[in-house]
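Asker: Provided herewith: structure25.tsv, TSV, C-alpha atoms.
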chain	number	residue	atom	x	y	z
H	11	MET	CA	146.38	181.53	106.80
H	12	ASN	CA	145.33	178.49	108.80
H	13	LYS	CA	142.43	176.55	107.39
H	14	LEU	CA	139.53	175.88	109.77
H	15	PRO	CA	138.60	172.27	110.55
H	16	VAL	CA	135.73	170.97	108.43
H	17	LYS	CA	133.17	171.30	111.25
H	18	ALA	CA	134.09	174.90	112.06
H	19	GLU	CA	134.34	175.82	108.38
H	20	ARG	CA	130.81	174.53	107.84
H	21	LEU	CA	129.51	176.61	110.75
H	22	MET	CA	130.87	179.78	109.18
H	23	GLU	CA	128.71	179.38	106.05
H	24	PRO	CA	125.50	181.49	106.26
H	25	SER	CA	123.63	179.03	104.03
H	26	VAL	CA	124.11	176.37	106.72
H	27	TRP	CA	122.54	178.70	109.28
H	28	PHE	CA	119.44	179.10	107.10
H	29	ASP	CA	119.19	175.35	106.48
H	30	ASP	CA	119.35	174.67	110.20
H	31	LEU	CA	116.85	177.44	110.95
H	32	ARG	CA	114.45	176.09	108.31
H	33	ASN	CA	114.70	172.58	109.80
H	34	ASP	CA	114.03	173.97	113.28
H	35	PHE	CA	110.95	175.85	112.06
H	36	GLU	CA	109.62	172.74	110.29
H	37	GLN	CA	109.81	170.83	113.58
H	38	PHE	CA	108.62	173.73	115.75
H	39	TRP	CA	104.99	172.65	116.06
H	40	GLU	CA	105.90	169.04	116.72
H	41	LYS	CA	108.54	169.83	119.34
H	42	PRO	CA	108.36	173.46	120.44
H	43	TRP	CA	110.91	172.88	123.22
H	44	LYS	CA	113.51	171.97	120.59
H	45	ALA	CA	113.02	175.09	118.46
H	46	PHE	CA	115.90	177.29	117.43
H	47	GLY	CA	118.51	174.64	118.02
H	48	ARG	CA	117.96	174.06	121.73
H	49	LYS	CA	118.87	170.53	122.62
H	50	PHE	CA	118.06	168.51	125.71
H	51	LYS	CA	120.12	165.72	127.18
H	52	ASP	CA	117.17	163.33	127.29
H	53	MET	CA	116.35	163.32	123.56
H	54	GLU	CA	115.58	159.59	123.83
H	55	THR	CA	112.53	160.29	125.98
H	56	MET	CA	111.09	163.04	123.79
H	57	PRO	CA	107.88	161.96	122.06
H	58	TRP	CA	107.57	161.95	118.30
H	59	THR	CA	104.51	162.01	116.12
H	60	PRO	CA	104.23	159.92	112.97
H	61	LYS	CA	102.70	161.62	109.94
H	62	VAL	CA	99.29	160.26	108.91
H	63	ASP	CA	96.98	160.52	105.92
H	64	VAL	CA	93.26	159.98	106.53
H	65	PHE	CA	90.86	159.68	103.61
H	66	ARG	CA	87.67	157.99	102.45
H	67	LYS	CA	87.79	155.36	99.71
H	68	ASP	CA	85.07	152.91	98.67
H	69	ASN	CA	82.97	153.24	101.86
H	70	GLU	CA	86.04	152.84	104.06
H	71	LEU	CA	88.03	155.29	106.13
H	72	VAL	CA	91.69	154.69	105.31
H	73	VAL	CA	94.45	155.75	107.68
H	74	LYS	CA	98.07	155.53	106.55
H	75	ALA	CA	100.85	156.26	109.02
H	76	ASP	CA	104.55	156.56	108.21
H	77	LEU	CA	106.51	154.50	110.72
H	78	PRO	CA	109.96	154.11	109.16
H	79	GLY	CA	112.37	151.81	110.88
H	80	MET	CA	109.69	150.25	113.07
H	81	LYS	CA	108.77	146.63	113.50
H	82	LYS	CA	105.20	145.38	113.43
H	83	GLU	CA	105.59	144.05	116.98
H	84	ASN	CA	106.23	147.58	118.30
H	85	VAL	CA	103.05	149.09	116.80
H	86	HIS	CA	99.63	148.88	118.48
H	87	VAL	CA	96.25	149.83	117.02
H	88	VAL	CA	93.29	150.15	119.39
H	89	LEU	CA	89.65	151.29	119.16
H	90	GLU	CA	88.76	153.09	122.37
H	91	GLU	CA	85.67	155.16	123.18
H	92	GLY	CA	84.99	155.95	119.52
H	93	ASP	CA	88.60	156.87	118.74
H	94	LEU	CA	91.28	155.10	116.73
H	95	ILE	CA	94.51	155.02	118.71
H	96	LEU	CA	97.94	154.39	117.22
H	97	LYS	CA	100.81	153.89	119.62
H	98	GLY	CA	104.20	152.31	119.70
H	99	GLU	CA	107.88	152.79	120.28
H	100	ARG	CA	110.90	153.11	118.04
H	101	LYS	CA	114.04	151.98	119.80
H	102	GLU	CA	117.33	153.78	119.21
H	103	GLU	CA	120.15	151.98	117.50
H	104	LYS	CA	123.39	152.38	119.46
H	105	GLU	CA	125.70	151.41	116.59
H	106	TYR	CA	127.61	154.69	116.44
H	107	LYS	CA	128.05	155.23	120.18
H	108	GLU	CA	131.84	155.22	119.97
H	109	GLU	CA	132.00	157.13	116.68
H	110	ASP	CA	132.05	160.89	116.14
H	111	VAL	CA	128.45	161.92	115.48
H	112	PHE	CA	128.20	164.89	113.13
H	113	ARG	CA	124.43	165.02	112.87
H	114	ALA	CA	121.70	162.95	114.50
H	115	GLU	CA	118.18	163.80	113.30
H	116	ARG	CA	116.37	160.51	113.60
H	117	ILE	CA	113.92	160.52	116.48
H	118	TYR	CA	113.34	157.63	118.83
H	119	GLY	CA	110.95	156.94	121.64
H	120	SER	CA	107.26	156.30	122.02
H	121	PHE	CA	104.42	157.87	120.08
H	122	PHE	CA	100.68	158.18	120.61
H	123	ARG	CA	98.07	159.39	118.10
H	124	ARG	CA	94.35	159.58	118.87
H	125	LEU	CA	92.08	160.00	115.84
H	126	PRO	CA	88.44	160.71	116.76
H	127	LEU	CA	85.87	158.87	114.65
H	128	ASP	CA	82.39	160.20	113.98
H	129	PHE	CA	80.87	156.77	113.39
H	130	GLU	CA	80.63	153.40	115.16
H	131	VAL	CA	83.17	150.80	114.08
H	132	ASP	CA	82.95	147.03	114.45
H	133	PRO	CA	86.49	146.04	115.57
H	134	MET	CA	86.09	142.65	113.87
H	135	LYS	CA	85.78	144.37	110.47
H	136	VAL	CA	88.85	146.60	110.79
H	137	ASN	CA	91.78	145.60	108.58
H	138	ALA	CA	95.34	146.69	109.44
H	139	LYS	CA	98.50	145.99	107.42
H	140	PHE	CA	102.10	146.98	108.02
H	141	ASN	CA	104.39	146.98	105.01
H	142	ASP	CA	107.71	148.77	104.33
H	143	GLY	CA	107.32	151.12	107.28
H	144	VAL	CA	103.75	152.15	106.40
H	145	LEU	CA	100.82	151.19	108.59
H	146	GLU	CA	97.52	151.08	106.68
H	147	ILE	CA	94.25	150.73	108.55
H	148	ARG	CA	90.88	150.33	106.79
H	149	LEU	CA	87.73	150.96	108.80
H	150	PRO	CA	84.39	150.19	107.15
H	151	MET	CA	82.09	153.20	107.24
H	152	PRO	CA	78.36	152.79	107.77
H	153	PRO	CA	76.18	153.51	104.74
H	154	PRO	CA	74.87	157.07	104.69
H	155	GLU	CA	71.53	157.42	106.40
H	156	GLU	CA	68.62	158.18	104.15
H	157	PRO	CA	66.86	161.36	105.19
H	158	LYS	CA	63.70	160.51	107.04
H	159	ALA	CA	60.55	162.27	105.94
H	160	ALA	CA	58.62	163.90	108.76
H	161	PRO	CA	55.07	164.91	107.86
H	162	ILE	CA	54.14	168.42	108.82
H	163	THR	CA	50.56	169.27	109.72
H	164	ILE	CA	49.08	172.13	107.77
H	165	GLN	CA	46.93	174.44	109.88
Show how you would write the structure in this file as C-alpha cells.
Answerer:
Amino acid sequence: MNKLPVKAERLMEPSVWFDDLRNDFEQFWEKPWKAFGRKFKDMETMPWTPKVDVFRKDNELVVKADLPGMKKENVHVVLEEGDLILKGERKEEKEYKEEDVFRAERIYGSFFRRLPLDFEVDPMKVNAKFNDGVLEIRLPMPPPEEPKAAPITIQ
C-alpha cells in the first residue's frame, strides 16, 4: 500500500477537520466572509480587529489592545467627537515567499476600532504607552457628580 504524502495524510484525519472547523467558527464574527474555510485572493487587504480590554481603575478608564508584531510608529490613537479611535496597519512579512507555505494564519492589513466614551476627556491628560505588543491607554474620568437636591413645594 502506498503511503500518502504528509499533507494528504493530515487531511484524511477527522480530528484535523474539527480543529479547522473550530478555528473557522472562532473567527466567524470577525470575518464572516472567511467562514468555513473560504479563502480570498486578497487576504492582505482584509481588515482585522485587535482584541481590547476596557476597564475602570483608580478614576481612570484603561484600554489595553493586543497589537502583536506591530511597531509604535504604525499605531495611531485619536480622540474624535467623544470617541476613542485606535487605528493602524500591520505590514506583512514576505520572508517565506519562495518557500512552501503549509499554514498562514497571521493577519495583516489595517485596523480601526472606535470606542464611544460617555464622558468628556481632556486630550492633554491622556496617557498612552506601547510595550511588548500591548497598547495601554489611560483616560482620566471626571469625578462622579453629586446628586443635586431639588426642593419640592408641598401643597
Asker: Find the residues near H:Asn137: any atom within 10 Å, counting all atoms listed in the file, skip ones fewer than 4 places away on the same chain, and give them as a list in words.
Answerer: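 In the requested form, the answer reads Val72, Pro133, Glu146, Ile147, Arg148, Leu149 and Pro150 of chain H.
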Asker: Generate a file of the selected residues that holds C-alpha atoms, formatted as a compact mmCIF listing (two decimals), keeping the file's coordinate frame.
Answerer:
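Writing done, so here's selection-v5.txt:
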# COMPACT_ATOMS: atom_id res chain seq x y z
CA VAL H 72 91.69 154.69 105.31
CA PRO H 133 86.49 146.04 115.57
CA GLU H 146 97.52 151.08 106.68
CA ILE H 147 94.25 150.73 108.55
CA ARG H 148 90.88 150.33 106.79
CA LEU H 149 87.73 150.96 108.80
CA PRO H 150 84.39 150.19 107.15
Asker: Can you work out which one of H:Leu96, H:Ile162, H:Leu89, H:Leu145 has the shortest atom-to-atom distance to H:Asp132, counting all atoms listed in the file?
Answerer: H:Leu89
Asker: Closest to H:Arg124 among H:Lys81, H:His86, H:Arg66, H:Lys158, using all atoms listed in the file?
Answerer: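 So, comparing all the options, the nearest one is H:His86.
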Asker: Within 8 Å of stretch 60-62 of chain H, counting all atoms listed in the file, which residues qualify if same-chain residues fewer than 2 places away don't, as a list in words?
Answerer: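 Near neighbours after the sequence-gap exclusion: Trp58, Val64, Val73, Lys74, Ala75, Asp76, Leu77 and Phe121 of chain H.
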Asker: What separation in Å, quoted to one decimal, exists between atom CA of H:Ala138 and atom CA of H:Thr59?
Answerer: 19.1 Å
Asker: To one decimal place, how far is atom CA of H:Pro152 from atom CA of H:Val131 in Å?
Answerer: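 Distance between the two atoms: 8.2 Å.
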Asker: Measuring atom to atom with only C-alpha atoms, identify which of H:Glu156, H:Asp142, H:Glu83, H:Asp128 is nearest to H:Arg100.
Answerer: H:Glu83
Asker: What gap, in Å, lies between atom CA of H:Leu125 and atom CA of H:Pro157?
Answerer: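 It comes out at 27.4 Å.
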Asker: Could you list, as a list in words, every residue within 10 Å of H:Glu91, counting all atoms listed in the file and ignoring same-chain residues fewer than 5 positions away?
Answerer: Pro126, Leu127 and Glu130 of chain H
